[in-house]
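Student: Just coords01.csv, nothing more (CSV, N, CA and C atoms):
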chain,number,residue,atom,x,y,z
A,1,MET,N,-26.0,-4.9,15.6
A,1,MET,CA,-26.2,-6.1,16.3
A,1,MET,C,-24.9,-6.8,16.5
A,2,THR,N,-24.5,-7.0,17.7
A,2,THR,CA,-23.2,-7.7,18.0
A,2,THR,C,-23.5,-9.0,18.7
A,3,VAL,N,-22.7,-10.0,18.3
A,3,VAL,CA,-22.8,-11.3,18.9
A,3,VAL,C,-21.5,-11.6,19.5
A,4,SER,N,-21.5,-12.0,20.8
A,4,SER,CA,-20.2,-12.3,21.4
A,4,SER,C,-19.9,-13.8,21.2
A,5,LEU,N,-18.6,-14.1,21.2
A,5,LEU,CA,-18.1,-15.4,21.0
A,5,LEU,C,-18.2,-16.2,22.3
A,6,SER,N,-18.4,-17.5,22.2
A,6,SER,CA,-18.4,-18.4,23.3
A,6,SER,C,-17.0,-18.6,23.8
A,7,ASP,N,-16.8,-19.1,24.9
A,7,ASP,CA,-15.4,-19.4,25.4
A,7,ASP,C,-14.7,-20.3,24.6
A,8,GLU,N,-15.3,-21.3,24.1
A,8,GLU,CA,-14.7,-22.3,23.2
A,8,GLU,C,-14.3,-21.7,21.9
A,9,GLU,N,-15.1,-20.8,21.3
A,9,GLU,CA,-14.8,-20.2,20.1
A,9,GLU,C,-13.6,-19.2,20.3
A,10,ARG,N,-13.6,-18.5,21.4
A,10,ARG,CA,-12.5,-17.6,21.7
A,10,ARG,C,-11.2,-18.3,21.9
A,11,ARG,N,-11.2,-19.5,22.6
A,11,ARG,CA,-10.0,-20.3,22.7
A,11,ARG,C,-9.5,-20.8,21.4
A,12,SER,N,-10.5,-21.2,20.5
A,12,SER,CA,-10.1,-21.7,19.2
A,12,SER,C,-9.4,-20.6,18.4
A,13,LEU,N,-10.0,-19.4,18.4
A,13,LEU,CA,-9.4,-18.3,17.7
A,13,LEU,C,-8.0,-18.0,18.2
A,14,GLU,N,-7.8,-18.0,19.5
A,14,GLU,CA,-6.5,-17.6,20.1
A,14,GLU,C,-5.5,-18.7,19.7
A,15,GLU,N,-5.9,-19.9,19.6
A,15,GLU,CA,-5.0,-21.0,19.2
A,15,GLU,C,-4.6,-20.9,17.8
A,16,LEU,N,-5.6,-20.5,16.9
A,16,LEU,CA,-5.3,-20.3,15.5
A,16,LEU,C,-4.3,-19.1,15.3
A,17,GLU,N,-4.5,-18.1,16.1
A,17,GLU,CA,-3.6,-16.9,16.1
A,17,GLU,C,-2.2,-17.3,16.5
A,18,ARG,N,-2.1,-18.1,17.5
A,18,ARG,CA,-0.7,-18.5,18.0
A,18,ARG,C,-0.1,-19.4,16.9
A,19,GLU,N,-0.8,-20.3,16.3
A,19,GLU,CA,-0.3,-21.1,15.2
A,19,GLU,C,0.2,-20.3,14.0
A,20,LEU,N,-0.6,-19.3,13.7
A,20,LEU,CA,-0.3,-18.4,12.6
A,20,LEU,C,1.0,-17.7,12.9
A,21,ALA,N,1.1,-17.1,14.1
A,21,ALA,CA,2.3,-16.4,14.5
A,21,ALA,C,3.5,-17.2,14.5
A,22,SER,N,3.4,-18.5,14.8
A,22,SER,CA,4.6,-19.4,14.8
A,22,SER,C,5.0,-19.9,13.5
A,23,THR,N,4.0,-20.1,12.6
A,23,THR,CA,4.3,-20.7,11.3
A,23,THR,C,4.6,-19.6,10.2
A,24,ASP,N,4.0,-18.4,10.3
A,24,ASP,CA,4.3,-17.3,9.4
A,24,ASP,C,4.2,-16.0,10.1
A,25,PRO,N,5.4,-15.6,10.7
A,25,PRO,CA,5.4,-14.4,11.5
A,25,PRO,C,5.2,-13.1,10.6
A,26,ASP,N,5.7,-13.2,9.4
A,26,ASP,CA,5.6,-12.0,8.5
A,26,ASP,C,4.1,-11.7,8.2
A,27,LEU,N,3.3,-12.8,7.9
A,27,LEU,CA,1.9,-12.6,7.6
A,27,LEU,C,1.2,-12.1,8.9
A,28,ALA,N,1.5,-12.7,10.0
A,28,ALA,CA,0.9,-12.3,11.3
A,28,ALA,C,1.1,-10.8,11.6
A,29,SER,N,2.3,-10.4,11.4
A,29,SER,CA,2.6,-9.0,11.7
A,29,SER,C,1.9,-8.0,10.7
A,30,GLU,N,1.8,-8.5,9.4
A,30,GLU,CA,1.0,-7.7,8.4
A,30,GLU,C,-0.4,-7.6,8.8
A,31,LEU,N,-1.0,-8.7,9.2
A,31,LEU,CA,-2.4,-8.7,9.6
A,31,LEU,C,-2.7,-7.8,10.8
A,32,THR,N,-1.8,-7.8,11.8
A,32,THR,CA,-2.0,-7.1,13.0
A,32,THR,C,-1.7,-5.6,12.9
A,33,SER,N,-0.8,-5.3,11.9
A,33,SER,CA,-0.4,-3.9,11.8
A,33,SER,C,-1.5,-3.0,11.3
A,34,GLY,N,-2.4,-3.5,10.4
A,34,GLY,CA,-3.5,-2.7,9.9
A,34,GLY,C,-3.1,-1.7,8.8
A,35,ARG,N,-1.8,-1.7,8.4
A,35,ARG,CA,-1.4,-0.8,7.3
A,35,ARG,C,-1.6,-1.5,6.0
A,36,PRO,N,-1.9,-0.6,5.0
A,36,PRO,CA,-2.1,-1.2,3.6
A,36,PRO,C,-0.8,-1.6,3.0
A,37,ARG,N,-0.8,-2.7,2.3
A,37,ARG,CA,0.5,-3.3,1.7
A,37,ARG,C,0.2,-3.5,0.2
A,38,GLY,N,1.3,-3.7,-0.5
A,38,GLY,CA,1.2,-4.1,-1.9
A,38,GLY,C,0.5,-3.0,-2.8
A,39,GLU,N,-0.4,-3.5,-3.5
A,39,GLU,CA,-1.1,-2.7,-4.5
A,39,GLU,C,-1.9,-1.6,-3.8
A,40,ALA,N,-2.5,-1.9,-2.7
A,40,ALA,CA,-3.3,-0.8,-2.0
A,40,ALA,C,-2.4,0.3,-1.6
A,41,ALA,N,-1.3,0.0,-1.0
A,41,ALA,CA,-0.4,1.0,-0.6
A,41,ALA,C,0.2,1.8,-1.7
A,42,ARG,N,0.5,1.1,-2.8
A,42,ARG,CA,1.0,1.8,-4.0
A,42,ARG,C,-0.1,2.8,-4.6
A,43,THR,N,-1.3,2.3,-4.6
A,43,THR,CA,-2.4,3.2,-5.1
A,43,THR,C,-2.6,4.4,-4.2
A,44,ILE,N,-2.6,4.2,-2.9
A,44,ILE,CA,-2.9,5.3,-2.0
A,44,ILE,C,-1.7,6.3,-2.1
A,45,LEU,N,-0.5,5.8,-1.9
A,45,LEU,CA,0.7,6.7,-1.9
A,45,LEU,C,0.9,7.4,-3.2
A,46,GLY,N,0.7,6.7,-4.3
A,46,GLY,CA,0.8,7.3,-5.7
A,46,GLY,C,-0.2,8.4,-5.9
A,47,THR,N,-1.4,8.2,-5.5
A,47,THR,CA,-2.4,9.2,-5.6
A,47,THR,C,-2.1,10.4,-4.7
A,48,LEU,N,-1.7,10.2,-3.5
A,48,LEU,CA,-1.3,11.3,-2.6
A,48,LEU,C,-0.2,12.1,-3.2
A,49,ALA,N,0.8,11.4,-3.8
A,49,ALA,CA,2.0,12.1,-4.4
A,49,ALA,C,1.5,13.0,-5.6
A,50,VAL,N,0.7,12.4,-6.4
A,50,VAL,CA,0.2,13.2,-7.6
A,50,VAL,C,-0.6,14.4,-7.1
A,51,LEU,N,-1.5,14.2,-6.1
A,51,LEU,CA,-2.3,15.4,-5.7
A,51,LEU,C,-1.4,16.4,-4.9
A,52,GLY,N,-0.4,15.9,-4.1
A,52,GLY,CA,0.5,16.8,-3.5
A,52,GLY,C,1.4,17.6,-4.5
A,53,GLY,N,1.8,16.9,-5.5
A,53,GLY,CA,2.6,17.6,-6.6
A,53,GLY,C,1.8,18.6,-7.3
A,54,PHE,N,0.6,18.3,-7.6
A,54,PHE,CA,-0.3,19.3,-8.3
A,54,PHE,C,-0.5,20.5,-7.4
A,55,ALA,N,-0.7,20.3,-6.1
A,55,ALA,CA,-0.8,21.4,-5.1
A,55,ALA,C,0.4,22.3,-5.1
A,56,MET,N,1.6,21.6,-5.1
A,56,MET,CA,2.8,22.3,-5.1
A,56,MET,C,3.0,23.1,-6.4
A,57,VAL,N,2.6,22.6,-7.5
A,57,VAL,CA,2.7,23.3,-8.8
A,57,VAL,C,1.8,24.6,-8.7
A,58,ILE,N,0.6,24.4,-8.2
A,58,ILE,CA,-0.3,25.6,-8.1
A,58,ILE,C,0.2,26.6,-7.1
A,59,ALA,N,0.8,26.1,-6.0
A,59,ALA,CA,1.4,27.1,-5.1
A,59,ALA,C,2.6,27.8,-5.7
A,60,GLY,N,3.3,27.0,-6.5
A,60,GLY,CA,4.5,27.7,-7.1
A,60,GLY,C,4.0,28.7,-8.1
A,61,ILE,N,2.9,28.5,-8.8
A,61,ILE,CA,2.4,29.5,-9.8
A,61,ILE,C,1.9,30.7,-9.0
A,62,MET,N,1.2,30.5,-7.9
A,62,MET,CA,0.6,31.6,-7.2
A,62,MET,C,1.7,32.4,-6.5
A,63,THR,N,2.7,31.8,-6.0
A,63,THR,CA,3.8,32.6,-5.3
A,63,THR,C,4.9,33.0,-6.3
A,64,GLN,N,4.8,32.5,-7.5
A,64,GLN,CA,5.9,32.8,-8.5
A,64,GLN,C,7.2,32.3,-8.1
A,65,LEU,N,7.2,31.1,-7.4
A,65,LEU,CA,8.5,30.4,-7.1
A,65,LEU,C,8.7,29.3,-8.0
A,66,VAL,N,9.6,29.4,-8.9
A,66,VAL,CA,9.8,28.4,-10.0
A,66,VAL,C,10.3,27.1,-9.3
A,67,VAL,N,11.1,27.2,-8.3
A,67,VAL,CA,11.6,26.0,-7.7
A,67,VAL,C,10.5,25.1,-7.1
A,68,LEU,N,9.5,25.8,-6.5
A,68,LEU,CA,8.4,25.1,-5.9
A,68,LEU,C,7.6,24.4,-7.0
A,69,GLY,N,7.4,25.1,-8.1
A,69,GLY,CA,6.6,24.5,-9.2
A,69,GLY,C,7.4,23.3,-9.8
A,70,VAL,N,8.7,23.4,-10.0
A,70,VAL,CA,9.5,22.3,-10.5
A,70,VAL,C,9.4,21.1,-9.6
A,71,LEU,N,9.6,21.4,-8.3
A,71,LEU,CA,9.6,20.3,-7.3
A,71,LEU,C,8.2,19.6,-7.3
A,72,GLY,N,7.1,20.4,-7.5
A,72,GLY,CA,5.8,19.9,-7.5
A,72,GLY,C,5.6,19.0,-8.8
A,73,PHE,N,6.1,19.5,-9.9
A,73,PHE,CA,6.0,18.7,-11.1
A,73,PHE,C,6.7,17.4,-11.0
A,74,LEU,N,7.9,17.4,-10.4
A,74,LEU,CA,8.7,16.2,-10.2
A,74,LEU,C,8.0,15.2,-9.3
A,75,LEU,N,7.4,15.7,-8.2
A,75,LEU,CA,6.6,14.9,-7.3
A,75,LEU,C,5.4,14.3,-7.9
A,76,ALA,N,4.7,15.1,-8.7
A,76,ALA,CA,3.5,14.6,-9.4
A,76,ALA,C,3.9,13.5,-10.4
A,77,SER,N,5.0,13.7,-11.1
A,77,SER,CA,5.5,12.8,-12.1
A,77,SER,C,5.9,11.5,-11.5
A,78,ALA,N,6.6,11.6,-10.4
A,78,ALA,CA,7.1,10.4,-9.7
A,78,ALA,C,5.9,9.6,-9.1
A,79,GLY,N,4.9,10.3,-8.6
A,79,GLY,CA,3.7,9.7,-8.1
A,79,GLY,C,2.9,9.0,-9.1
A,80,ALA,N,2.8,9.6,-10.3
A,80,ALA,CA,2.1,9.0,-11.4
A,80,ALA,C,2.8,7.8,-11.9
A,81,TYR,N,4.1,7.8,-12.0
A,81,TYR,CA,4.9,6.6,-12.4
A,81,TYR,C,4.7,5.5,-11.4
A,82,TRP,N,4.8,5.8,-10.1
A,82,TRP,CA,4.6,4.8,-9.1
A,82,TRP,C,3.2,4.2,-9.1
A,83,LEU,N,2.2,5.1,-9.3
A,83,LEU,CA,0.8,4.6,-9.4
A,83,LEU,C,0.6,3.7,-10.6
A,84,LEU,N,1.1,4.1,-11.7
A,84,LEU,CA,1.0,3.3,-13.0
A,84,LEU,C,1.9,2.1,-13.0
A,85,ALA,N,3.0,2.2,-12.3
A,85,ALA,CA,3.9,1.0,-12.4
A,85,ALA,C,3.3,-0.2,-11.9
A,86,GLY,N,2.3,-0.1,-11.0
A,86,GLY,CA,1.6,-1.3,-10.4
A,86,GLY,C,0.6,-1.8,-11.3
A,87,THR,N,0.2,-1.1,-12.4
A,87,THR,CA,-0.9,-1.6,-13.3
A,87,THR,C,-0.4,-2.0,-14.6
A,88,TRP,N,-0.3,-1.0,-15.5
A,88,TRP,CA,-0.1,-1.4,-16.9
A,88,TRP,C,1.4,-1.8,-17.2
A,89,LEU,N,2.4,-1.2,-16.5
A,89,LEU,CA,3.7,-1.6,-16.7
A,89,LEU,C,3.9,-3.1,-16.4
A,90,ARG,N,3.3,-3.5,-15.3
A,90,ARG,CA,3.5,-4.9,-14.9
A,90,ARG,C,2.7,-5.9,-15.8
A,91,ARG,N,1.6,-5.5,-16.3
A,91,ARG,CA,0.8,-6.3,-17.2
A,91,ARG,C,1.6,-6.4,-18.6
A,92,ARG,N,2.2,-5.3,-19.0
A,92,ARG,CA,2.9,-5.2,-20.2
A,92,ARG,C,4.1,-6.1,-20.2
A,93,PHE,N,4.9,-6.1,-19.1
A,93,PHE,CA,6.1,-6.9,-19.1
A,93,PHE,C,5.9,-8.2,-18.3
A,94,GLY,N,4.8,-8.5,-17.8
A,94,GLY,CA,4.5,-9.8,-17.2
A,94,GLY,C,5.1,-10.0,-15.8
A,95,THR,N,5.5,-9.0,-15.1
A,95,THR,CA,6.1,-9.2,-13.8
A,95,THR,C,5.0,-8.9,-12.7
A,96,HIS,N,5.2,-9.6,-11.5
A,96,HIS,CA,4.3,-9.5,-10.4
A,96,HIS,C,5.1,-9.3,-9.1
A,97,ASP,N,4.4,-8.9,-8.1
A,97,ASP,CA,5.1,-8.8,-6.8
A,97,ASP,C,5.6,-10.2,-6.3
A,98,ASP,N,4.9,-11.2,-6.7
A,98,ASP,CA,5.2,-12.6,-6.2
A,98,ASP,C,6.5,-13.1,-6.8
A,99,ASP,N,6.9,-12.6,-8.0
A,99,ASP,CA,8.0,-13.1,-8.7
A,99,ASP,C,9.3,-12.8,-7.9
A,100,PRO,N,10.2,-13.8,-7.9
A,100,PRO,CA,11.5,-13.5,-7.2
A,100,PRO,C,12.4,-12.5,-8.0
A,101,ALA,N,13.2,-11.8,-7.2
A,101,ALA,CA,14.0,-10.8,-7.9
A,101,ALA,C,15.1,-11.5,-8.6
A,102,PRO,N,15.6,-10.9,-9.8
A,102,PRO,CA,16.6,-11.6,-10.6
A,102,PRO,C,18.0,-11.5,-9.9
Would you write out, as structure tokens, the structure that this file holds?
Tutor:
Amino acid sequence: MTVSLSDEERRSLEELERELASTDPDLASELTSGRPRGEAARTILGTLAVLGGFAMVIAGIMTQLVVLGVLGFLLASAGAYWLLAGTWLRRRFGTHDDDPAP
């Protein structure tokens, strides 16, 4: 079931969008890009890196290419670090994305 907006509601939303774009252009571009940011992006990319690294390790074992296995292990390790850096390391040391850089 879809409900269309009235002309007045549509104008109001367009006005809000223009105000947002003028006051906070970074937020406006983030909202319109549709790409995951922050914790969601870290989780998705970290998980993909871990899975890709494991696939490379298995491929290295199957083809008996040590270099491929080592690169896969390094990729999986980096992905696991990146994935976990957003959770328990931040809680342990009390840092957040919102904190200014030193």
Student: From the options A:Arg11, A:Val50, A:Ala41, A:Thr2, which residue's atoms come nearest to Ala78 of chain A, counting only N, CA and C atoms?
Tutor: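 Among A:Arg11, A:Val50, A:Ala41, A:Thr2, it is A:Val50 that comes nearest to Ala78 of chain A.
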Student: With only C-alpha atoms as the basis for distance, which of A:Thr23, A:Ser6, A:Ser12, A:Ser77 is at the shortest distance from Gly53 of chain A?
Tutor: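 Closest to Gly53 of chain A, using only C-alpha atoms: A:Ser77.
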Student: Using only C-alpha atoms for the distances, tell me which of A:Arg10, A:Met62, A:Ala49, A:Ala55 is nearest to Leu75 of chain A.
Tutor: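 With only C-alpha atoms as the atom set, the closest residue is A:Ala49.
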Student: When you look at Met56 of chain A with a cut-off of 7 Å (counting only C-alpha atoms), what residues show up, excluding the ones that are within fewer than 6 positions of it in the same chain? I need them as a list in words.
Tutor: Leu68, Gly69 and Gly72 of chain A
Student: Can you tell me how far atom C of Gly46 of chain A sits from atom N of Leu71 of chain A, in Å to one decimal?
Tutor: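 Separating atom C of Gly46 of chain A from atom N of Leu71 of chain A is a distance of 16.5 Å.
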Student: Find the distance between atom CA of Tyr81 of chain A and atom C of Ala59 of chain A and write it in Å to one decimal.
Tutor: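 Those two atoms sit 22.4 Å apart.
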Student: With a distance cut-off of 8 Å and all atoms listed in the file, select the neighbouring residues of Trp82 of chain A, excluding the residue or stretch itself and same-chain residues fewer than 4 positions from it, and output the selection as a list in words.
Tutor: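 Within the cut-off, the hits are Arg42, Thr43, Leu45, Gly46, Thr47, Ala76, Ser77, Ala78, Gly86 and Thr87 of chain A.
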Student: In Å, rounded to a single decimal, give me how far atom CA of Glu39 of chain A is from atom N of Glu14 of chain A.
Tutor: 29.2 Å
